[in-house]
file query35.csv (CSV, C-alpha atoms and all ligand atoms)
chain,number,residue,atom,x,y,z
A,104,MET,CA,8.8,76.1,117.3
A,105,SER,CA,11.1,75.9,114.4
A,106,HIS,CA,14.9,75.7,114.4
A,107,VAL,CA,17.2,78.1,112.6
A,108,LEU,CA,20.4,77.7,110.8
A,109,ALA,CA,23.2,79.9,112.2
A,110,ALA,CA,26.5,80.7,110.5
A,111,ASP,CA,29.5,82.4,111.9
A,112,ILE,CA,31.7,83.2,108.9
A,113,GLY,CA,35.4,84.0,108.9
A,114,GLY,CA,38.0,84.5,106.2
A,115,THR,CA,39.2,80.9,106.3
A,116,ASN,CA,36.5,78.9,107.9
A,117,MET,CA,32.8,79.0,108.8
A,118,ARG,CA,30.8,77.3,111.5
A,119,LEU,CA,27.3,76.2,110.8
A,120,ALA,CA,24.8,75.1,113.4
A,121,MET,CA,21.2,74.1,113.8
A,122,ILE,CA,19.9,76.0,116.9
A,123,ASP,CA,16.6,75.9,118.7
A,124,GLN,CA,14.8,78.8,120.2
A,125,GLN,CA,16.3,78.2,123.6
A,126,GLY,CA,19.8,78.6,122.1
A,127,ARG,CA,20.7,74.9,122.2
A,128,ILE,CA,23.1,73.8,119.5
A,129,LEU,CA,21.5,70.7,118.0
A,130,LYS,CA,24.1,70.0,115.3
A,131,GLU,CA,27.2,71.8,114.3
A,132,SER,CA,29.9,71.6,111.7
A,133,ARG,CA,33.0,73.6,110.7
A,134,VAL,CA,33.7,74.1,107.0
A,135,GLN,CA,36.8,75.4,105.3
A,136,THR,CA,36.1,78.5,103.2
A,137,GLU,CA,38.4,80.6,101.2
A,138,LEU,CA,36.2,83.7,100.8
A,139,SER,CA,39.1,86.1,101.0
A,140,GLN,CA,41.6,84.2,98.9
A,141,HIS,CA,39.3,83.9,95.8
A,142,SER,CA,41.0,85.6,92.9
A,143,ALA,CA,37.9,87.2,91.4
A,144,ALA,CA,38.4,89.8,88.7
A,145,SER,CA,35.3,91.8,89.3
A,146,GLN,CA,32.7,92.5,92.0
A,147,ALA,CA,30.1,90.4,90.1
A,148,GLU,CA,32.5,87.4,90.1
A,149,ALA,CA,33.4,87.9,93.8
A,150,GLU,CA,29.6,88.1,94.7
A,151,ALA,CA,28.8,84.9,92.7
A,152,HIS,CA,31.7,83.1,94.4
A,153,ILE,CA,30.5,84.0,97.9
A,154,ILE,CA,26.8,83.1,97.2
A,155,THR,CA,27.8,79.7,95.6
A,156,THR,CA,30.2,78.9,98.4
A,157,LEU,CA,27.8,79.7,101.2
A,158,SER,CA,24.7,78.2,99.6
A,159,GLN,CA,26.4,74.9,98.8
A,160,ALA,CA,27.9,74.6,102.3
A,161,MET,CA,24.5,75.4,103.9
A,162,GLN,CA,22.6,73.0,101.6
A,163,SER,CA,25.0,70.2,102.3
A,164,PHE,CA,24.9,70.9,106.1
A,165,LEU,CA,21.1,70.8,106.1
A,166,ALA,CA,20.9,67.6,104.0
A,167,ASP,CA,23.3,66.0,106.4
A,168,ALA,CA,21.4,67.2,109.4
A,169,TYR,CA,18.1,65.8,108.2
A,170,HIS,CA,19.8,62.5,107.3
A,171,VAL,CA,21.3,62.2,110.7
A,172,ASN,CA,18.1,63.1,112.5
A,173,ASN,CA,16.2,60.7,110.1
A,174,ARG,CA,13.8,63.5,109.3
A,175,ASP,CA,11.2,63.3,106.5
A,176,THR,CA,9.9,66.1,104.4
A,177,ASP,CA,8.1,67.6,107.4
A,178,GLY,CA,11.5,67.7,109.1
A,179,ARG,CA,12.9,69.7,106.3
A,180,ASP,CA,10.3,72.4,107.0
A,181,ALA,CA,11.8,72.8,110.5
A,182,VAL,CA,14.5,75.2,109.2
A,183,ARG,CA,13.0,78.1,107.3
A,184,SER,CA,15.4,80.9,108.3
A,185,ILE,CA,19.1,81.6,108.5
A,186,GLY,CA,21.1,84.0,110.6
A,187,ILE,CA,24.6,84.9,109.6
A,188,GLY,CA,27.5,86.7,111.4
A,189,PHE,CA,29.8,88.1,108.6
A,190,PRO,CA,33.1,90.0,108.8
A,191,GLY,CA,32.1,93.3,107.3
A,192,PHE,CA,30.0,96.5,107.7
A,193,PHE,CA,26.3,96.4,107.0
A,194,HIS,CA,23.7,99.0,106.1
A,195,GLY,CA,21.5,98.7,109.2
A,196,ASP,CA,19.4,95.5,109.2
A,197,SER,CA,19.1,95.4,105.4
A,198,GLY,CA,21.5,92.5,105.0
A,199,VAL,CA,23.4,94.7,102.4
A,200,LEU,CA,27.2,94.6,103.0
A,201,ALA,CA,28.6,98.1,102.7
A,202,ALA,CA,32.2,97.0,102.7
A,203,SER,CA,34.5,94.3,104.2
A,204,PRO,CA,38.2,94.9,104.9
A,205,ASN,CA,39.1,91.4,103.9
A,206,LEU,CA,37.0,91.4,100.8
A,207,PRO,CA,37.9,94.6,99.1
A,208,LEU,CA,36.0,93.9,95.8
A,209,LEU,CA,32.7,94.0,97.6
A,210,HIS,CA,30.6,97.2,98.0
A,211,ASP,CA,26.9,97.5,98.6
A,212,PHE,CA,26.5,93.7,98.1
A,213,ALA,CA,22.9,92.4,98.7
A,214,LEU,CA,24.2,89.4,100.6
A,215,ALA,CA,21.0,88.5,102.4
A,216,GLU,CA,18.7,88.9,99.4
A,217,LEU,CA,20.9,86.9,97.0
A,218,LEU,CA,21.5,84.1,99.4
A,219,ALA,CA,17.7,84.0,100.3
A,220,ASP,CA,17.0,83.6,96.5
A,221,ALA,CA,19.6,80.9,96.2
A,222,LEU,CA,18.3,78.9,99.2
A,223,GLY,CA,14.6,79.7,99.2
A,224,MET,CA,14.7,80.7,102.9
A,225,THR,CA,14.7,83.9,104.9
A,226,VAL,CA,18.2,85.2,105.5
A,227,SER,CA,19.4,87.8,108.0
A,228,VAL,CA,23.0,89.0,108.1
A,229,GLN,CA,24.9,91.3,110.5
A,230,ASN,CA,28.5,92.1,111.5
A,231,ASP,CA,30.2,89.2,113.2
A,232,ALA,CA,31.2,91.0,116.4
A,233,LEU,CA,27.8,92.6,116.7
A,234,CYS,CA,26.3,89.1,116.4
A,235,ALA,CA,28.6,88.0,119.2
A,236,ALA,CA,27.3,90.9,121.4
A,237,VAL,CA,23.7,89.8,120.6
A,238,GLY,CA,24.5,86.2,121.6
A,239,GLU,CA,26.3,87.2,124.8
A,240,HIS,CA,23.4,89.6,125.7
A,241,ARG,CA,20.7,87.0,125.1
A,242,PHE,CA,22.3,83.8,126.3
A,243,GLY,CA,25.6,84.6,128.1
A,244,ALA,CA,27.4,86.7,130.7
A,245,GLY,CA,25.6,89.8,129.5
A,246,GLN,CA,22.1,88.3,129.9
A,247,GLY,CA,19.5,90.9,130.9
A,248,LYS,CA,21.9,93.8,131.0
A,249,ARG,CA,20.4,97.0,129.6
A,250,ASN,CA,23.7,98.1,128.0
A,251,LEU,CA,26.6,95.9,127.1
A,252,LEU,CA,30.0,96.3,125.4
A,253,HIS,CA,31.1,92.9,124.0
A,254,ILE,CA,34.7,92.4,122.8
A,255,THR,CA,35.9,89.5,120.6
A,256,LEU,CA,39.5,88.4,120.9
A,257,GLY,CA,40.5,86.4,117.9
A,258,THR,CA,42.7,86.8,114.9
A,259,GLY,CA,41.6,90.4,115.2
A,260,VAL,CA,39.9,92.4,118.0
A,261,GLY,CA,36.2,93.2,117.4
A,262,GLY,CA,33.5,95.0,119.4
A,263,GLY,CA,29.7,95.0,119.5
A,264,LEU,CA,27.4,97.3,121.4
A,265,ILE,CA,24.0,96.7,122.9
A,266,LEU,CA,22.2,99.9,124.0
A,267,ASN,CA,18.8,99.8,125.7
A,268,HIS,CA,18.7,96.0,124.9
A,269,GLN,CA,19.1,96.7,121.2
A,270,PRO,CA,22.1,96.1,119.0
A,271,TYR,CA,23.7,99.4,117.9
A,272,SER,CA,25.6,99.4,114.6
A,273,GLY,CA,26.0,103.1,114.0
A,274,GLU,CA,25.0,105.3,111.0
A,275,HIS,CA,27.2,103.5,108.5
A,276,GLY,CA,27.3,100.0,110.2
A,277,MET,CA,30.8,100.8,111.5
A,278,ALA,CA,30.1,101.5,115.2
A,279,MET,CA,32.4,100.0,117.9
A,280,GLU,CA,35.5,99.4,115.8
A,281,PHE,CA,37.0,98.7,119.2
A,282,GLY,CA,40.1,97.0,117.8
A,283,HIS,CA,41.2,100.2,116.3
A,284,LEU,CA,41.1,102.4,119.4
A,285,CYS,CA,44.6,103.8,119.7
A,286,VAL,CA,46.4,102.8,122.9
A,287,GLU,CA,50.1,103.4,122.1
A,288,THR,CA,51.8,106.4,120.5
A,289,HIS,CA,55.4,105.7,121.6
A,290,HIS,CA,57.0,103.5,118.8
A,291,PRO,CA,53.5,102.1,117.9
A,292,ARG,CA,53.1,98.9,116.0
A,293,ARG,CA,51.5,99.2,112.6
A,294,CYS,CA,47.9,97.9,112.3
A,295,GLY,CA,46.2,96.3,109.3
A,296,CYS,CA,43.7,99.3,109.2
A,297,GLY,CA,46.5,101.6,108.1
A,298,ASN,CA,47.0,103.4,111.4
A,299,ALA,CA,49.5,102.5,114.2
A,300,GLY,CA,49.1,101.7,117.9
A,301,CYS,CA,45.6,100.1,117.7
A,302,VAL,CA,44.7,97.7,120.5
A,303,GLU,CA,44.4,95.0,117.8
A,304,SER,CA,48.1,95.3,117.2
A,305,TYR,CA,48.8,94.2,120.8
A,306,ALA,CA,45.8,92.1,122.0
A,307,SER,CA,44.8,90.0,119.0
A,308,ALA,CA,46.1,86.4,118.6
A,309,SER,CA,48.0,87.4,115.5
A,310,ALA,CA,49.7,90.3,117.4
A,311,ILE,CA,50.7,88.1,120.3
A,312,LYS,CA,52.2,85.5,117.9
A,313,GLN,CA,54.0,88.2,115.9
A,314,ARG,CA,55.3,90.0,119.1
A,315,TYR,CA,56.6,86.7,120.4
A,316,SER,CA,58.3,85.8,117.1
A,317,ASP,CA,59.8,89.3,116.9
A,318,ALA,CA,61.3,89.0,120.4
A,319,THR,CA,62.6,85.5,120.3
A,320,GLY,CA,62.8,84.4,116.6
A,321,ASN,CA,60.5,81.5,117.4
A,322,SER,CA,57.1,81.1,115.6
A,323,LEU,CA,54.7,79.6,118.1
A,324,GLY,CA,50.9,79.5,118.3
A,325,THR,CA,49.0,81.3,121.0
A,326,LYS,CA,48.4,78.1,122.9
A,327,ALA,CA,52.1,77.4,123.2
A,328,ILE,CA,52.8,81.0,124.2
A,329,TYR,CA,50.2,80.9,127.0
A,330,GLN,CA,51.7,77.6,128.1
A,331,LEU,CA,55.1,79.2,128.3
A,332,ALA,CA,53.7,82.2,130.1
A,333,ASN,CA,52.1,80.0,132.7
A,334,GLU,CA,55.4,78.2,133.2
A,335,GLY,CA,57.0,81.6,134.0
A,336,ASP,CA,58.7,82.4,130.6
A,337,ASP,CA,59.4,86.1,131.0
A,338,CYS,CA,58.9,87.1,127.4
A,339,ALA,CA,55.6,85.2,127.0
A,340,MET,CA,54.3,86.6,130.3
A,341,THR,CA,55.2,90.2,129.4
A,342,ILE,CA,53.4,89.9,126.0
A,343,VAL,CA,50.3,88.4,127.4
A,344,GLN,CA,50.2,90.8,130.4
A,345,GLN,CA,50.8,93.8,128.1
A,346,ALA,CA,47.9,92.6,125.9
A,347,GLY,CA,45.7,92.7,129.0
A,348,ALA,CA,46.9,96.2,130.0
A,349,TYR,CA,46.3,97.6,126.5
A,350,LEU,CA,42.8,96.0,126.5
A,351,GLY,CA,42.0,97.6,129.8
A,352,GLN,CA,43.2,101.0,128.5
A,353,ALA,CA,41.0,100.6,125.4
A,354,ILE,CA,38.0,99.6,127.5
A,355,ALA,CA,38.5,102.7,129.6
A,356,GLU,CA,38.5,104.9,126.5
A,357,ALA,CA,35.2,103.2,125.3
A,358,ILE,CA,33.6,103.6,128.8
A,359,LYS,CA,34.5,107.4,128.7
A,360,LEU,CA,32.2,107.7,125.7
A,361,LEU,CA,29.5,105.2,126.7
A,362,ASP,CA,29.3,105.1,130.6
A,363,ILE,CA,28.2,101.5,130.7
A,364,SER,CA,28.8,99.1,133.5
A,365,THR,CA,29.2,95.7,131.9
A,366,VAL,CA,31.8,94.5,129.4
A,367,THR,CA,32.1,90.9,128.2
A,368,ILE,CA,34.9,89.2,126.3
A,369,SER,CA,34.8,86.2,124.1
A,370,GLY,CA,37.1,84.4,121.7
A,371,GLY,CA,40.2,82.3,121.7
A,372,LEU,CA,42.4,84.7,123.6
A,373,SER,CA,39.9,84.8,126.5
A,374,LYS,CA,41.4,81.4,127.4
A,375,ALA,CA,44.4,83.3,128.8
A,376,TRP,CA,41.9,85.0,131.2
A,377,PRO,CA,43.8,84.4,134.5
A,378,MET,CA,46.8,86.2,133.1
A,379,LEU,CA,45.0,88.9,131.1
A,380,TYR,CA,42.5,89.9,133.8
A,381,PRO,CA,44.7,91.5,136.6
A,382,PRO,CA,46.7,93.9,134.3
A,383,MET,CA,43.5,94.6,132.3
A,384,MET,CA,41.6,95.7,135.4
A,385,ASP,CA,44.6,97.7,136.7
A,386,ALA,CA,44.8,99.6,133.4
A,387,LEU,CA,41.0,100.0,133.2
A,388,ASN,CA,40.8,101.6,136.6
A,389,THR,CA,43.9,103.7,136.0
A,390,HIS,CA,42.6,105.2,132.8
A,391,LEU,CA,38.9,105.6,133.8
A,392,ILE,CA,37.7,109.0,135.0
A,393,PRO,CA,37.9,108.8,138.8
A,394,PRO,CA,34.1,108.7,139.6
A,395,LEU,CA,33.8,105.5,137.4
A,396,ARG,CA,36.7,103.6,138.9
A,397,GLY,CA,35.5,100.3,140.3
A,398,LYS,CA,32.1,100.6,138.7
A,399,VAL,CA,32.8,98.7,135.5
A,400,GLN,CA,32.8,94.9,135.5
A,401,VAL,CA,34.6,92.9,132.8
A,402,LEU,CA,33.3,89.4,132.5
A,403,ARG,CA,34.5,86.4,130.5
A,404,SER,CA,32.0,85.0,128.1
A,405,THR,CA,30.0,82.0,129.5
A,406,LEU,CA,29.4,80.7,125.9
A,407,ALA,CA,32.8,79.2,125.2
A,408,ASP,CA,33.3,80.2,121.5
A,409,ASN,CA,29.7,80.1,120.6
A,410,ALA,CA,28.7,83.8,121.2
A,411,GLY,CA,28.8,84.6,117.5
A,412,LEU,CA,26.8,81.5,116.5
A,413,LEU,CA,24.1,82.1,119.1
A,414,GLY,CA,23.9,85.8,118.1
A,415,ALA,CA,23.5,84.8,114.4
A,416,ALA,CA,20.7,82.4,115.5
A,417,SER,CA,19.1,85.3,117.4
A,418,ILE,CA,18.9,87.7,114.4
A,419,ALA,CA,17.3,85.0,112.2
A,420,THR,CA,13.6,85.5,111.7
A,421,PRO,CA,11.8,83.1,114.1
A,501,ZN,ZN,43.9,99.5,113.4

call {"tool": "encode", "arguments": {"input": "query35.csv", "output": "structure tokens"}}
result
Amino acid sequence: MSHVLAADIGGTNMRLAMIDQQGRILKESRVQTELSQHSAASQAEAEAHIITTLSQAMQSFLADAYHVNNRDTDGRDAVRSIGIGFPGFFHGDSGVLAASPNLPLLHDFALAELLADALGMTVSVQNDALCAAVGEHRFGAGQGKRNLLHITLGTGVGGGLILNHQPYSGEHGMAMEFGHLCVETHHPRRCGCGNAGCVESYASASAIKQRYSDATGNSLGTKAIYQLANEGDDCAMTIVQQAGAYLGQAIAEAIKLLDISTVTISGGLSKAWPMLYPPMMDALNTHLIPPLRGKVQVLRSTLADNAGLLGAASIATP
């Protein structure tokens, strides 16, 4: 059985991995990308920049992988398809990017097709948070569940939905914009989406850093803030616990629409799990409609930070 090349792409870096059919990561690398900072003047220029950047990084990763594994020409045939998780909205499974908040020049960009032409391989692309949901459903804490809501806690807050064992992306590729559920109306914090009071403005890594900096004047990373919280620093504890409570509230709102029993959470912030979990479950059960209280389980990802990569591998053509 052949291997696939999986890519989890962010605004500033991308992870590439060769993955087998059992979801084992055989080789991995992290590459700096500046997709969002490229000063392209037109859509055509922005598209060309992305295709060149991605295809060069992938070709160089594969050349290195074959060299390390001492593969010959037959080995090269081992990877024939690529699966990509990309931050943006896609038209169904077409691999056509409808739009991306971080790459405003791009509209209806045939990412999969153009990259396939550049690399001579089959390419499948889907929204990054939906890929993480697919990975968690196939290999992680959501394995075997009929329905699953997966939340990614990173620089932003993302969501992906599995319904009847199938990824659900909505009619415009924009379903489960979980990070932009409104959880606060009293002096709400502004959100990058243009609204205010979104859960992303409280529970993302960038929000936690910003809130800590606003309150204390100290610019610290999330790791340092968790450390302080664990040592009993009042301000750090309050911010992390409030992030958990807002998450629980947003999950309750999503469950009111979906009535599903399993939620999984992945991403860097899930490392603060022991402190996030109790206020999250309290808020979840407070805001759920009474018959559903106690019926929803929220599980930490069992895939470390690999849910997105494994999901990208899963959507690649076998
Ligand atoms: Zn928002």

call {"tool": "closest_residue", "arguments": {"input": "query35.csv", "among": "A:Leu157, A:Ala353, A:Leu412, A:Ile187", "to": "Glu137 of chain A", "atoms": "all atoms listed in the file"}}
result
A:Leu157

call {"tool": "closest_residue", "arguments": {"input": "query35.csv", "among": "A:Ala144, A:Ala221, A:Ala110, A:Val260", "to": "ligand ZN 501 (chain A)", "atoms": "all atoms listed in the file"}}
result
A:Val260

call {"tool": "residues_near_ligand", "arguments": {"input": "query35.csv", "ligand": "ligand ZN 501 (chain A)", "cutoff": "8 Å", "atoms": "all atoms listed in the file", "output": "PyMOL selection string"}}
result
chain A and resi 282-285+293-304

call {"tool": "write_last_selection", "arguments": {"input": "query35.csv", "atoms": "C-alpha atoms", "output": "PDB file, in the frame of the given file"}}
result
ATOM      1  CA  GLY A 282      40.100  97.000 117.800  1.00  0.00           C
ATOM      2  CA  HIS A 283      41.200 100.200 116.300  1.00  0.00           C
ATOM      3  CA  LEU A 284      41.100 102.400 119.400  1.00  0.00           C
ATOM      4  CA  CYS A 285      44.600 103.800 119.700  1.00  0.00           C
ATOM      5  CA  ARG A 293      51.500  99.200 112.600  1.00  0.00           C
ATOM      6  CA  CYS A 294      47.900  97.900 112.300  1.00  0.00           C
ATOM      7  CA  GLY A 295      46.200  96.300 109.300  1.00  0.00           C
ATOM      8  CA  CYS A 296      43.700  99.300 109.200  1.00  0.00           C
ATOM      9  CA  GLY A 297      46.500 101.600 108.100  1.00  0.00           C
ATOM     10  CA  ASN A 298      47.000 103.400 111.400  1.00  0.00           C
ATOM     11  CA  ALA A 299      49.500 102.500 114.200  1.00  0.00           C
ATOM     12  CA  GLY A 300      49.100 101.700 117.900  1.00  0.00           C
ATOM     13  CA  CYS A 301      45.600 100.100 117.700  1.00  0.00           C
ATOM     14  CA  VAL A 302      44.700  97.700 120.500  1.00  0.00           C
ATOM     15  CA  GLU A 303      44.400  95.000 117.800  1.00  0.00           C
ATOM     16  CA  SER A 304      48.100  95.300 117.200  1.00  0.00           C
TER      17      SER A 304
END

call {"tool": "atom_distance", "arguments": {"input": "query35.csv", "atom1": "atom CA of Leu361 of chain A", "atom2": "atom CA of Ala244 of chain A"}}
result
19.0 Å

call {"tool": "residues_around", "arguments": {"input": "query35.csv", "residues": "Phe193 of chain A", "least_positions_apart": "4", "cutoff": "7 Å", "atoms": "only C-alpha atoms", "output": "list in words"}}
result
Gly198, Val199, Leu200, Ala201, Gln229, Asn230 and Gly276 of chain A

call {"tool": "residues_around", "arguments": {"input": "query35.csv", "residues": "segment 341-346 of chain A", "least_positions_apart": "5", "cutoff": "10 Å", "atoms": "only C-alpha atoms", "output": "ChimeraX atom specification"}}
result
/A:302-308,310-312,314-315,318,325,328-329,332,335-336,351-352,372,375-383,386

call {"tool": "write_last_selection", "arguments": {"input": "query35.csv", "atoms": "C-alpha atoms", "output": "compact mmCIF listing (two decimals), in the coordinates of the input"}}
result
# COMPACT_ATOMS: atom_id res chain seq x y z
CA VAL A 302 44.70 97.70 120.50
CA GLU A 303 44.40 95.00 117.80
CA SER A 304 48.10 95.30 117.20
CA TYR A 305 48.80 94.20 120.80
CA ALA A 306 45.80 92.10 122.00
CA SER A 307 44.80 90.00 119.00
CA ALA A 308 46.10 86.40 118.60
CA ALA A 310 49.70 90.30 117.40
CA ILE A 311 50.70 88.10 120.30
CA LYS A 312 52.20 85.50 117.90
CA ARG A 314 55.30 90.00 119.10
CA TYR A 315 56.60 86.70 120.40
CA ALA A 318 61.30 89.00 120.40
CA THR A 325 49.00 81.30 121.00
CA ILE A 328 52.80 81.00 124.20
CA TYR A 329 50.20 80.90 127.00
CA ALA A 332 53.70 82.20 130.10
CA GLY A 335 57.00 81.60 134.00
CA ASP A 336 58.70 82.40 130.60
CA GLY A 351 42.00 97.60 129.80
CA GLN A 352 43.20 101.00 128.50
CA LEU A 372 42.40 84.70 123.60
CA ALA A 375 44.40 83.30 128.80
CA TRP A 376 41.90 85.00 131.20
CA PRO A 377 43.80 84.40 134.50
CA MET A 378 46.80 86.20 133.10
CA LEU A 379 45.00 88.90 131.10
CA TYR A 380 42.50 89.90 133.80
CA PRO A 381 44.70 91.50 136.60
CA PRO A 382 46.70 93.90 134.30
CA MET A 383 43.50 94.60 132.30
CA ALA A 386 44.80 99.60 133.40

call {"tool": "atom_distance", "arguments": {"input": "query35.csv", "atom1": "atom CA of His194 of chain A", "atom2": "atom CA of Glu216 of chain A"}}
result
13.1 Å

call {"tool": "closest_residue", "arguments": {"input": "query35.csv", "among": "A:Leu350, A:Ala143, A:Ala109, A:Ala166", "to": "Phe189 of chain A", "atoms": "all atoms listed in the file"}}
result
A:Ala109

call {"tool": "closest_residue", "arguments": {"input": "query35.csv", "among": "A:Thr367, A:Thr136, A:Ser145, A:Gln124", "to": "Leu256 of chain A", "atoms": "all atoms listed in the file"}}
result
A:Thr367

call {"tool": "atom_distance", "arguments": {"input": "query35.csv", "atom1": "atom CA of Asn321 of chain A", "atom2": "atom CA of Gly261 of chain A"}}
result
27.0 Å

call {"tool": "residues_near_point", "arguments": {"input": "query35.csv", "point": "(21.4, 98.5, 125.1)", "cutoff": "12 Å", "atoms": "all atoms listed in the file", "output": "compact mmCIF listing (two decimals) with C-alpha atoms, in the coordinates of the input"}}
result
# COMPACT_ATOMS: atom_id res chain seq x y z
CA ALA A 236 27.30 90.90 121.40
CA VAL A 237 23.70 89.80 120.60
CA HIS A 240 23.40 89.60 125.70
CA ARG A 241 20.70 87.00 125.10
CA GLY A 245 25.60 89.80 129.50
CA GLN A 246 22.10 88.30 129.90
CA GLY A 247 19.50 90.90 130.90
CA LYS A 248 21.90 93.80 131.00
CA ARG A 249 20.40 97.00 129.60
CA ASN A 250 23.70 98.10 128.00
CA LEU A 251 26.60 95.90 127.10
CA LEU A 252 30.00 96.30 125.40
CA HIS A 253 31.10 92.90 124.00
CA GLY A 263 29.70 95.00 119.50
CA LEU A 264 27.40 97.30 121.40
CA ILE A 265 24.00 96.70 122.90
CA LEU A 266 22.20 99.90 124.00
CA ASN A 267 18.80 99.80 125.70
CA HIS A 268 18.70 96.00 124.90
CA GLN A 269 19.10 96.70 121.20
CA PRO A 270 22.10 96.10 119.00
CA TYR A 271 23.70 99.40 117.90
CA SER A 272 25.60 99.40 114.60
CA LEU A 361 29.50 105.20 126.70
CA ASP A 362 29.30 105.10 130.60
CA ILE A 363 28.20 101.50 130.70
CA SER A 364 28.80 99.10 133.50
CA THR A 365 29.20 95.70 131.90
CA VAL A 366 31.80 94.50 129.40

call {"tool": "closest_residue", "arguments": {"input": "query35.csv", "among": "A:Met279, A:Leu209, A:Glu287, A:Asn409", "to": "Ala151 of chain A", "atoms": "all atoms listed in the file"}}
result
A:Leu209
